[in-house]
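Trainee: So here's data39.txt, just compact mmCIF, C-alpha atoms and all ligand atoms:
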```
# COMPACT_ATOMS: atom_id res chain seq x y z
CA MET M 1 -4.14 167.61 140.45
CA TYR M 2 -4.95 166.33 143.92
CA LYS M 3 -6.63 163.00 144.27
CA ILE M 4 -9.06 163.06 147.15
CA SER M 5 -8.31 159.42 147.96
CA ASP M 6 -4.56 160.16 148.16
CA ILE M 7 -5.16 162.93 150.72
CA VAL M 8 -7.39 160.64 152.76
CA ASN M 9 -5.02 157.66 152.50
CA ALA M 10 -2.23 159.88 153.84
CA GLY M 11 -4.31 160.15 157.02
CA THR M 12 -6.04 163.51 156.61
CA LEU M 13 -9.77 163.79 157.32
CA LEU M 14 -11.77 166.09 155.05
CA THR M 15 -14.99 168.07 155.33
CA SER M 16 -17.38 168.14 152.39
CA ASP M 17 -20.37 170.47 152.10
CA GLY M 18 -24.03 170.49 153.13
CA ALA M 19 -27.45 170.50 151.48
CA TRP M 20 -28.13 171.95 148.05
CA GLY M 21 -31.73 171.00 147.30
CA THR M 22 -33.24 172.28 150.54
CA TYR M 23 -30.99 175.38 150.29
CA LEU M 24 -32.27 176.15 146.77
CA PHE M 25 -35.86 176.01 148.03
CA LYS M 26 -34.91 178.44 150.80
CA LYS M 27 -33.61 180.76 148.10
CA GLY M 28 -36.94 180.67 146.30
CA LEU M 29 -36.86 177.69 143.93
CA ALA M 30 -40.50 176.82 143.27
CA SER M 31 -41.48 173.21 143.84
CA GLY M 32 -42.07 171.48 140.52
CA SER M 33 -39.45 173.55 138.71
CA CYS M 34 -36.04 172.28 137.60
CA PRO M 35 -33.31 172.93 140.23
CA GLU M 36 -30.50 172.54 137.69
CA GLU M 37 -31.95 175.16 135.36
CA TRP M 38 -30.93 177.67 138.03
CA ASN M 39 -27.30 177.21 136.90
CA LEU M 40 -28.32 179.11 133.77
CA THR M 41 -30.99 181.44 135.14
CA HIS M 42 -29.88 182.12 138.76
CA TYR M 43 -26.10 181.91 138.55
CA ASN M 44 -25.51 184.16 141.56
CA ASP M 45 -27.91 182.29 143.86
CA VAL M 46 -26.19 179.01 143.05
CA PHE M 47 -22.77 180.62 143.47
CA GLU M 48 -23.79 181.95 146.90
CA ILE M 49 -24.64 178.42 148.07
CA ALA M 50 -21.26 177.09 146.96
CA LYS M 51 -19.46 180.09 148.47
CA SER M 52 -21.27 179.74 151.80
CA TYR M 53 -19.88 176.22 152.13
CA VAL M 54 -16.37 177.29 151.14
CA ASP M 55 -16.59 180.01 153.80
CA ALA M 56 -17.87 177.48 156.36
CA GLY M 57 -14.68 175.43 155.87
CA SER M 58 -15.58 172.70 153.36
CA ASP M 59 -12.55 171.11 151.67
CA ILE M 60 -14.75 169.60 148.96
CA ILE M 61 -17.64 171.46 147.35
CA SER M 62 -20.47 169.77 145.51
CA THR M 63 -22.40 171.13 142.51
CA ASN M 64 -26.00 171.88 141.55
CA SER M 65 -26.28 168.95 139.16
CA PHE M 66 -28.00 166.17 141.12
CA GLY M 67 -30.80 165.68 138.57
CA SER M 68 -28.86 166.71 135.46
CA ASN M 69 -29.46 163.44 133.58
CA LEU M 70 -31.31 163.09 130.25
CA PHE M 71 -34.38 161.53 131.85
CA LYS M 72 -35.00 164.21 134.46
CA LEU M 73 -34.03 167.14 132.23
CA SER M 74 -36.39 165.92 129.49
CA GLN M 75 -39.30 166.32 131.94
CA TYR M 76 -38.58 170.06 131.70
CA ASN M 77 -37.71 169.91 128.00
CA LEU M 78 -34.12 170.80 128.93
CA HIS M 79 -32.40 167.59 127.75
CA GLU M 80 -30.67 169.39 124.89
CA LYS M 81 -29.01 171.67 127.43
CA LEU M 82 -27.52 168.79 129.45
CA ALA M 83 -23.89 169.62 128.64
CA GLU M 84 -24.33 173.34 129.28
CA ILE M 85 -26.16 172.75 132.57
CA CYS M 86 -23.56 170.23 133.81
CA GLN M 87 -20.56 172.32 132.76
CA THR M 88 -21.99 175.47 134.30
CA ALA M 89 -22.76 173.62 137.54
CA VAL M 90 -19.09 172.73 137.88
CA LYS M 91 -17.87 176.18 136.81
CA ILE M 92 -19.97 177.85 139.50
CA SER M 93 -18.61 175.62 142.26
CA ARG M 94 -15.07 175.86 140.86
CA LYS M 95 -15.29 179.64 140.99
CA ALA M 96 -16.33 179.46 144.65
CA ALA M 97 -13.73 176.78 145.45
CA GLY M 98 -10.75 178.55 143.89
CA VAL M 99 -7.61 176.47 143.41
CA ASP M 100 -7.28 175.28 147.02
CA LYS M 101 -10.56 173.43 147.41
CA LEU M 102 -11.84 170.41 145.53
CA VAL M 103 -14.99 170.13 143.44
CA MET M 104 -17.06 166.96 143.19
CA ALA M 105 -19.86 167.01 140.64
CA SER M 106 -23.13 165.66 141.99
CA LEU M 107 -24.75 162.89 139.93
CA GLY M 108 -28.03 161.47 141.22
CA PRO M 109 -30.05 158.46 140.09
CA THR M 110 -32.28 158.73 137.02
CA GLY M 111 -35.45 157.48 138.71
CA LYS M 112 -35.61 154.72 136.07
CA PHE M 113 -35.36 151.06 137.09
CA LEU M 114 -33.46 148.51 135.01
CA ILE M 115 -35.22 145.69 136.83
CA MET M 116 -38.64 147.08 135.80
CA GLY M 117 -37.59 147.41 132.15
CA ASP M 118 -38.02 151.21 132.32
CA VAL M 119 -34.74 151.70 130.55
CA THR M 120 -31.80 149.77 129.10
CA SER M 121 -28.23 149.67 130.47
CA GLU M 122 -27.07 151.44 127.32
CA GLU M 123 -29.55 154.30 127.79
CA LEU M 124 -28.40 154.80 131.38
CA TYR M 125 -24.74 154.60 130.40
CA ASN M 126 -25.21 157.10 127.59
CA SER M 127 -26.84 159.66 129.87
CA PHE M 128 -24.20 159.25 132.60
CA LYS M 129 -21.45 159.48 129.96
CA GLN M 130 -22.73 162.83 128.69
CA GLN M 131 -22.86 164.17 132.25
CA ALA M 132 -19.38 162.89 133.11
CA ILE M 133 -17.75 164.42 130.03
CA ALA M 134 -19.39 167.79 130.73
CA PHE M 135 -18.30 167.66 134.39
CA GLU M 136 -14.70 167.08 133.34
CA LYS M 137 -14.85 169.92 130.82
CA GLY M 138 -16.23 172.20 133.53
CA GLY M 139 -13.18 171.49 135.69
CA ALA M 140 -14.37 168.98 138.31
CA ASP M 141 -11.93 166.91 140.40
CA ALA M 142 -14.37 164.07 141.02
CA VAL M 143 -17.89 162.87 140.36
CA CYS M 144 -20.08 162.09 143.36
CA ILE M 145 -22.58 159.43 142.33
CA GLU M 146 -25.00 159.88 145.21
CA THR M 147 -28.33 158.85 146.74
CA PHE M 148 -28.21 155.62 144.71
CA TYR M 149 -30.19 152.51 145.73
CA ALA M 150 -29.70 150.00 142.89
CA LEU M 151 -26.39 148.22 142.21
CA ASP M 152 -27.04 147.85 138.46
CA GLU M 153 -27.63 151.59 137.95
CA ALA M 154 -24.57 152.47 140.06
CA GLU M 155 -22.46 150.13 137.94
CA GLN M 156 -23.49 151.97 134.76
CA ALA M 157 -22.71 155.34 136.36
CA ILE M 158 -19.28 154.24 137.65
CA ASN M 159 -18.37 152.68 134.29
CA ALA M 160 -19.49 155.78 132.39
CA VAL M 161 -17.29 158.06 134.51
CA LYS M 162 -14.26 155.76 134.50
CA GLU M 163 -14.36 154.90 130.81
CA ASN M 164 -14.84 158.45 129.53
CA THR M 165 -12.97 160.71 131.97
CA THR M 166 -10.01 160.71 134.34
CA LEU M 167 -12.19 161.95 137.22
CA GLU M 168 -12.09 160.29 140.60
CA VAL M 169 -15.25 158.32 141.39
CA ILE M 170 -17.13 158.73 144.65
CA CYS M 171 -20.25 156.58 145.08
CA THR M 172 -22.71 156.74 147.97
CA PHE M 173 -25.98 154.90 148.58
CA THR M 174 -28.96 155.90 150.71
CA PHE M 175 -30.05 153.45 153.40
CA ASP M 176 -33.19 153.31 155.49
CA LYS M 177 -33.33 151.59 158.85
CA SER M 178 -35.76 148.71 159.03
CA GLU M 179 -36.32 145.86 161.48
CA TYR M 180 -33.95 143.86 159.25
CA GLY M 181 -31.19 146.44 159.47
CA PHE M 182 -30.10 149.06 156.95
CA LYS M 183 -31.25 148.59 153.35
CA THR M 184 -31.76 150.74 150.28
CA LEU M 185 -35.06 151.07 148.45
CA MET M 186 -33.96 148.06 146.36
CA GLY M 187 -32.94 145.97 149.37
CA VAL M 188 -29.18 146.49 149.16
CA THR M 189 -27.28 146.33 152.49
CA PRO M 190 -24.19 148.46 153.24
CA GLN M 191 -22.08 145.28 153.07
CA GLN M 192 -23.45 144.32 149.63
CA MET M 193 -22.93 147.86 148.35
CA THR M 194 -19.34 147.87 149.58
CA GLU M 195 -18.41 144.57 147.92
CA SER M 196 -20.10 145.43 144.67
CA ILE M 197 -19.08 149.03 144.04
CA ILE M 198 -15.45 148.52 145.05
CA LEU M 199 -15.36 145.80 142.36
CA CYS M 200 -16.86 148.32 139.90
CA GLY M 201 -13.90 150.59 140.60
CA ALA M 202 -15.25 153.34 142.87
CA ASP M 203 -12.38 155.20 144.56
CA ILE M 204 -14.37 156.45 147.55
CA ILE M 205 -17.63 155.00 148.84
CA GLY M 206 -20.17 155.71 151.55
CA ALA M 207 -23.69 156.79 152.39
CA ASN M 208 -25.72 159.97 152.11
CA CYS M 209 -29.19 161.31 152.88
CA GLY M 210 -31.07 158.82 155.12
CA SER M 211 -32.33 159.40 158.63
CA GLY M 212 -29.53 161.44 160.18
CA PHE M 213 -25.97 161.43 161.52
CA GLU M 214 -26.50 159.00 164.41
CA ASP M 215 -27.59 156.11 162.15
CA MET M 216 -24.55 156.61 159.93
CA VAL M 217 -22.20 155.35 162.67
CA GLU M 218 -23.57 151.83 162.25
CA ILE M 219 -23.40 152.10 158.45
CA VAL M 220 -19.71 153.10 158.59
CA LYS M 221 -19.01 150.08 160.82
CA SER M 222 -20.77 147.80 158.30
CA ILE M 223 -18.67 149.16 155.43
CA ARG M 224 -15.49 148.71 157.49
CA GLU M 225 -16.44 145.05 158.15
CA VAL M 226 -16.03 144.48 154.41
CA SER M 227 -13.16 146.86 153.63
CA GLU M 228 -10.58 148.25 156.04
CA ARG M 229 -8.99 150.51 153.45
CA ILE M 230 -11.56 152.04 151.09
CA PRO M 231 -11.97 155.77 151.84
CA ILE M 232 -15.43 156.43 153.32
CA ILE M 233 -17.53 159.56 152.83
CA ILE M 234 -20.65 160.23 154.91
CA GLN M 235 -23.11 163.00 154.05
CA ALA M 236 -26.09 162.65 156.39
CA ASN M 237 -29.39 164.45 156.52
CA ALA M 238 -29.97 166.66 159.54
CA GLY M 239 -32.24 163.96 160.96
CA LEU M 240 -35.68 163.09 159.65
CA PRO M 241 -37.80 166.06 158.56
CA VAL M 242 -41.01 166.81 160.44
CA PHE M 243 -43.75 169.29 159.58
CA GLU M 244 -43.96 172.26 161.96
CA ASN M 245 -46.35 175.10 161.09
CA GLU M 246 -46.57 173.74 157.53
CA LYS M 247 -42.78 173.94 157.16
CA LEU M 248 -40.31 171.07 156.93
CA VAL M 249 -38.00 171.18 159.91
CA TYR M 250 -34.97 168.94 160.36
CA SER M 251 -34.38 167.59 163.86
CA GLU M 252 -30.58 167.43 164.13
CA THR M 253 -29.19 170.88 164.89
CA PRO M 254 -25.51 171.82 164.57
CA GLU M 255 -25.32 171.51 168.37
CA ASN M 256 -26.83 167.97 168.25
CA ILE M 257 -24.31 166.62 165.77
CA LYS M 258 -21.26 167.75 167.80
CA GLN M 259 -21.43 164.53 169.83
CA ILE M 260 -21.91 162.30 166.78
CA ILE M 261 -19.08 163.43 164.46
CA PRO M 262 -16.28 161.95 166.63
CA LYS M 263 -18.15 158.62 166.67
CA LEU M 264 -18.27 158.66 162.86
CA ILE M 265 -14.53 159.32 162.73
CA ASP M 266 -13.80 156.56 165.27
CA ALA M 267 -15.89 154.14 163.21
CA GLY M 268 -13.72 154.87 160.17
CA ALA M 269 -15.26 157.74 158.20
CA ASN M 270 -12.67 159.82 156.28
CA ILE M 271 -14.80 162.56 154.71
CA ILE M 272 -17.84 164.05 156.45
CA GLY M 273 -20.46 166.47 155.21
CA GLY M 274 -24.21 166.82 155.13
CA CYS M 275 -27.24 166.18 152.97
CA CYS M 276 -30.84 167.44 153.18
CA GLY M 277 -31.47 170.01 155.90
CA THR M 278 -27.82 170.63 156.73
CA THR M 279 -26.57 174.21 156.55
CA PRO M 280 -23.25 176.08 156.61
CA GLU M 281 -23.68 176.08 160.42
CA HIS M 282 -23.61 172.27 160.44
CA ILE M 283 -20.52 172.33 158.21
CA LYS M 284 -18.73 174.75 160.57
CA VAL M 285 -19.27 172.27 163.44
CA ILE M 286 -18.05 169.32 161.34
CA CYS M 287 -15.04 171.28 160.11
CA GLU M 288 -14.02 172.26 163.65
CA ILE M 289 -14.09 168.64 164.86
CA VAL M 290 -12.37 167.31 161.73
CA ASN M 291 -9.61 169.91 162.15
CA GLN M 292 -9.14 168.93 165.80
CA PHE M 293 -8.66 165.30 164.78
CA ASN M 294 -6.21 166.31 162.04
CA GLN M 295 -4.20 168.42 164.53
CA ARG M 296 -4.04 165.57 167.03
CA LYS M 297 -2.58 163.22 164.43
CA LYS M 298 0.27 165.56 163.60
ZN ZN Q 301 -30.55 164.14 151.40
```
As structure tokens, how would this structure be written, given the file I've shared?
Mentor:
Amino acid sequence: MYKISDIVNAGTLLTSDGAWGTYLFKKGLASGSCPEEWNLTHYNDVFEIAKSYVDAGSDIISTNSFGSNLFKLSQYNLHEKLAEICQTAVKISRKAAGVDKLVMASLGPTGKFLIMGDVTSEELYNSFKQQAIAFEKGGADAVCIETFYALDEAEQAINAVKENTTLEVICTFTFDKSEYGFKTLMGVTPQQMTESIILCGADIIGANCGSGFEDMVEIVKSIREVSERIPIIIQANAGLPVFENEKLVYSETPENIKQIIPKLIDAGANIIGGCCGTTPEHIKVICEIVNQFNQRKK
């Protein structure tokens, strides 16, 4: 089996995929319903999303499992179906990816805060462990722990994957720009994240979501200040969403990001994809630029 970090360490840049959540809503997911339940009830719709990213040129495909933890699933009374939902999520993306492309299972935060006493470390670990085991059974290559903001929760997620599976661990945080620089919801800087989650054993680290591709250039530079070698993945939103005619519209078009992708690569990003608001059209643009860089290196 390929290790994503081995490919990247050999000097090859990779393209991951784009948005899932905003894409599901476009396909008719009602707000307030459980996105991950669609793995069981709307198999073909979920498959079409994965396939559209494979066709756009993604080397790594994500899965529809962002909120597939015990805490979020129990809000829909679906917690007993956790393993089935997680395994099916991976199977759908694996079917779209075939044998040539890689599958990273999406694992989002629980929404519970250790610091507030909402939950114990053991409860978090147990939920992440169940997800990780199901992802491995489904045939994933890696787990992508993404959109995290708290170091303590990330540590539980990384440990749960590493101690119960042989899957590669990708971990990305979401940073907002403030007058004091980039910080997560819990006040973690890119530098602090880098130090801490490398120590926890993450194989690939980076940032996702946030305010768009342009801001990610600075975040990549901050990560590289701390580690020259750790593979970096960036999956940015298509800018900040604005309401236009009662619809959420994302400001960074595929044309806009053409100028920014080379800057991300120059700063040290190894894997580039998108988050909220990005489409297969964005991925085609990223893939084209990534392939040009790979050709040049040969
Ligand atoms: Zn996002």
Trainee: Rounded to one decimal, what separation in Å do you get between atom CA of Phe213 of chain M and atom CA of Lys3 of chain M?
Mentor: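 Result for atom CA of Phe213 of chain M versus atom CA of Lys3 of chain M: 26.0 Å, one decimal.
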Trainee: Could you tell me how far atom CA of Ala89 of chain M lies from atom CA of Thr166 of chain M, in Å and to one decimal?
Mentor: 18.4 Å
Trainee: Please provide as number ranges by chain all residues within 10 Å of Asp45 of chain M, with the sequence filter that same-chain residues fewer than 6 positions apart are discarded (counting only C-alpha atoms).
Mentor: M: 23-24, 27-28, 38-39, 51
Trainee: For a quick check of understanding, using all atoms listed in the file, which of M:Glu155, M:Glu80, M:Asp141, M:Asp17 has the smallest distance to Gly277 of chain M?
Mentor: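 Result for the nearest residue to Gly277 of chain M: M:Asp17.
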Trainee: Would you mind telling me which residue in M:Ile205, M:Val143, M:Met104, M:Ile283 lies nearest to Ala238 of chain M when using only C-alpha atoms?
Mentor: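 That would be M:Ile283, the residue with the smallest distance to Ala238 of chain M.
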Trainee: Report the distance between atom CA of Gln131 of chain M and atom CA of Tyr53 of chain M in Å, rounded to one decimal place.
Mentor: 23.4 Å
Trainee: Could you give me, as a ChimeraX atom specification, the residues within 12 Å of Val54 of chain M, counting all atoms listed in the file and dropping anything in the same chain fewer than 6 positions from it?
Mentor: /M:15-18,47-48,60-62,93-103,279-281,283-284,287
Trainee: Please dump the current selection as a compact mmCIF listing (two decimals), keeping the file's coordinate frame; keep C-alpha atoms.
Mentor:
```txt
# COMPACT_ATOMS: atom_id res chain seq x y z
CA THR M 15 -14.99 168.07 155.33
CA SER M 16 -17.38 168.14 152.39
CA ASP M 17 -20.37 170.47 152.10
CA GLY M 18 -24.03 170.49 153.13
CA PHE M 47 -22.77 180.62 143.47
CA GLU M 48 -23.79 181.95 146.90
CA ILE M 60 -14.75 169.60 148.96
CA ILE M 61 -17.64 171.46 147.35
CA SER M 62 -20.47 169.77 145.51
CA SER M 93 -18.61 175.62 142.26
CA ARG M 94 -15.07 175.86 140.86
CA LYS M 95 -15.29 179.64 140.99
CA ALA M 96 -16.33 179.46 144.65
CA ALA M 97 -13.73 176.78 145.45
CA GLY M 98 -10.75 178.55 143.89
CA VAL M 99 -7.61 176.47 143.41
CA ASP M 100 -7.28 175.28 147.02
CA LYS M 101 -10.56 173.43 147.41
CA LEU M 102 -11.84 170.41 145.53
CA VAL M 103 -14.99 170.13 143.44
CA THR M 279 -26.57 174.21 156.55
CA PRO M 280 -23.25 176.08 156.61
CA GLU M 281 -23.68 176.08 160.42
CA ILE M 283 -20.52 172.33 158.21
CA LYS M 284 -18.73 174.75 160.57
CA CYS M 287 -15.04 171.28 160.11
```
Trainee: Which polymer residues have any atom within 6 Å of an atom of Ala134 of chain M, counting only C-alpha atoms, with same-chain residues fewer than 6 positions away left out, as a list in words?
Mentor: Ala83, Cys86 and Gln87 of chain M
Trainee: Residues within 7 Å of ligand ZN 301 (chain Q), counting only C-alpha atoms and all ligand atoms: report them as a PDB file with C-alpha atoms, in the frame of the given file.
Mentor:
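Ended up saving to pocket22.pdb:
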```pdb
ATOM      1  CA  ASN M 208     -25.720 159.970 152.110  1.00  0.00           C
ATOM      2  CA  CYS M 209     -29.190 161.310 152.880  1.00  0.00           C
ATOM      3  CA  GLY M 210     -31.070 158.820 155.120  1.00  0.00           C
ATOM      4  CA  ALA M 236     -26.090 162.650 156.390  1.00  0.00           C
ATOM      5  CA  ASN M 237     -29.390 164.450 156.520  1.00  0.00           C
ATOM      6  CA  CYS M 275     -27.240 166.180 152.970  1.00  0.00           C
ATOM      7  CA  CYS M 276     -30.840 167.440 153.180  1.00  0.00           C
TER       8      CYS M 276
END
```
Trainee: Which residue out of M:Gly274, M:Pro262, M:Gly187, M:Gly201 has the minimum interatomic distance to Asn291 of chain M when all atoms listed in the file are used?
Mentor: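 Using all atoms listed in the file, Asn291 of chain M sits closest to M:Pro262.
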Trainee: Enclose the full set of atoms of segment 87-92 of chain M listed in the file within a box whose edges lie along x, y and z, apply 6 Å of padding to each of the six sides, and report centre and edge lengths in Å to one decimal as JSON.
Mentor:
```
{"center_x": -20.3, "center_y": 175.1, "center_z": 136.1, "size_x": 16.9, "size_y": 17.5, "size_z": 18.7}
```
Trainee: Using only C-alpha atoms, give me every residue within 7 Å of (-22.2, 151.9, 150.1) in file coordinates, as a PyMOL selection string.
Mentor: chain M and resi 172-173+190+193-194+205-207+223
Trainee: Write the residues you've just listed into a file as a tab-separated table (two decimals), in the coordinates of the input, and include C-alpha atoms for each of them.
Mentor:
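Below is the file that was written, out_9.tsv:
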```
chain	number	residue	atom	x	y	z
M	172	THR	CA	-22.71	156.74	147.97
M	173	PHE	CA	-25.98	154.90	148.58
M	190	PRO	CA	-24.19	148.46	153.24
M	193	MET	CA	-22.93	147.86	148.35
M	194	THR	CA	-19.34	147.87	149.58
M	205	ILE	CA	-17.63	155.00	148.84
M	206	GLY	CA	-20.17	155.71	151.55
M	207	ALA	CA	-23.69	156.79	152.39
M	223	ILE	CA	-18.67	149.16	155.43
```
Trainee: Given the choices M:Glu123, M:Glu244, M:Glu225, M:Glu37, which gets closest to Gln156 of chain M if the distance is worked out from all atoms listed in the file?
Mentor: M:Glu123
Trainee: List the neighbours of segment 177-182 of chain M out to 12 Å using all atoms listed in the file; skip same-chain residues closer than 5 positions along the sequence, and give me the result as a PyMOL selection string.
Mentor: chain M and resi 149+187-193+207+210-212+214-223+240
Trainee: Ser121 of chain M: which residues within 10 Å, counting all atoms listed in the file, same-chain residues fewer than 3 positions away excluded, as a list in words?
Mentor: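 Contacts, with the query itself left out: Phe113, Leu114, Gly117, Leu124, Tyr125, Asn126, Asp152, Glu153, Glu155, Gln156 and Ala157 of chain M.
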Trainee: Take the point (-29.9, 177.2, 133.6) as written in the file and pick out every residue within 9 Å of it, counting all atoms listed in the file; give the list as a list in words.
Mentor: Cys34, Pro35, Glu36, Glu37, Trp38, Asn39, Leu40, Thr41, His42, Tyr43, Leu78, Lys81, Glu84, Ile85, Thr88 and Ala89 of chain M
Trainee: Nearest to Tyr250 of chain M: which of M:Ile289, M:Thr278, M:Lys129, M:Leu14 is it, counting all atoms listed in the file?
Mentor: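 Between M:Ile289, M:Thr278, M:Lys129, M:Leu14, the residue approaching Tyr250 of chain M most closely is M:Thr278.
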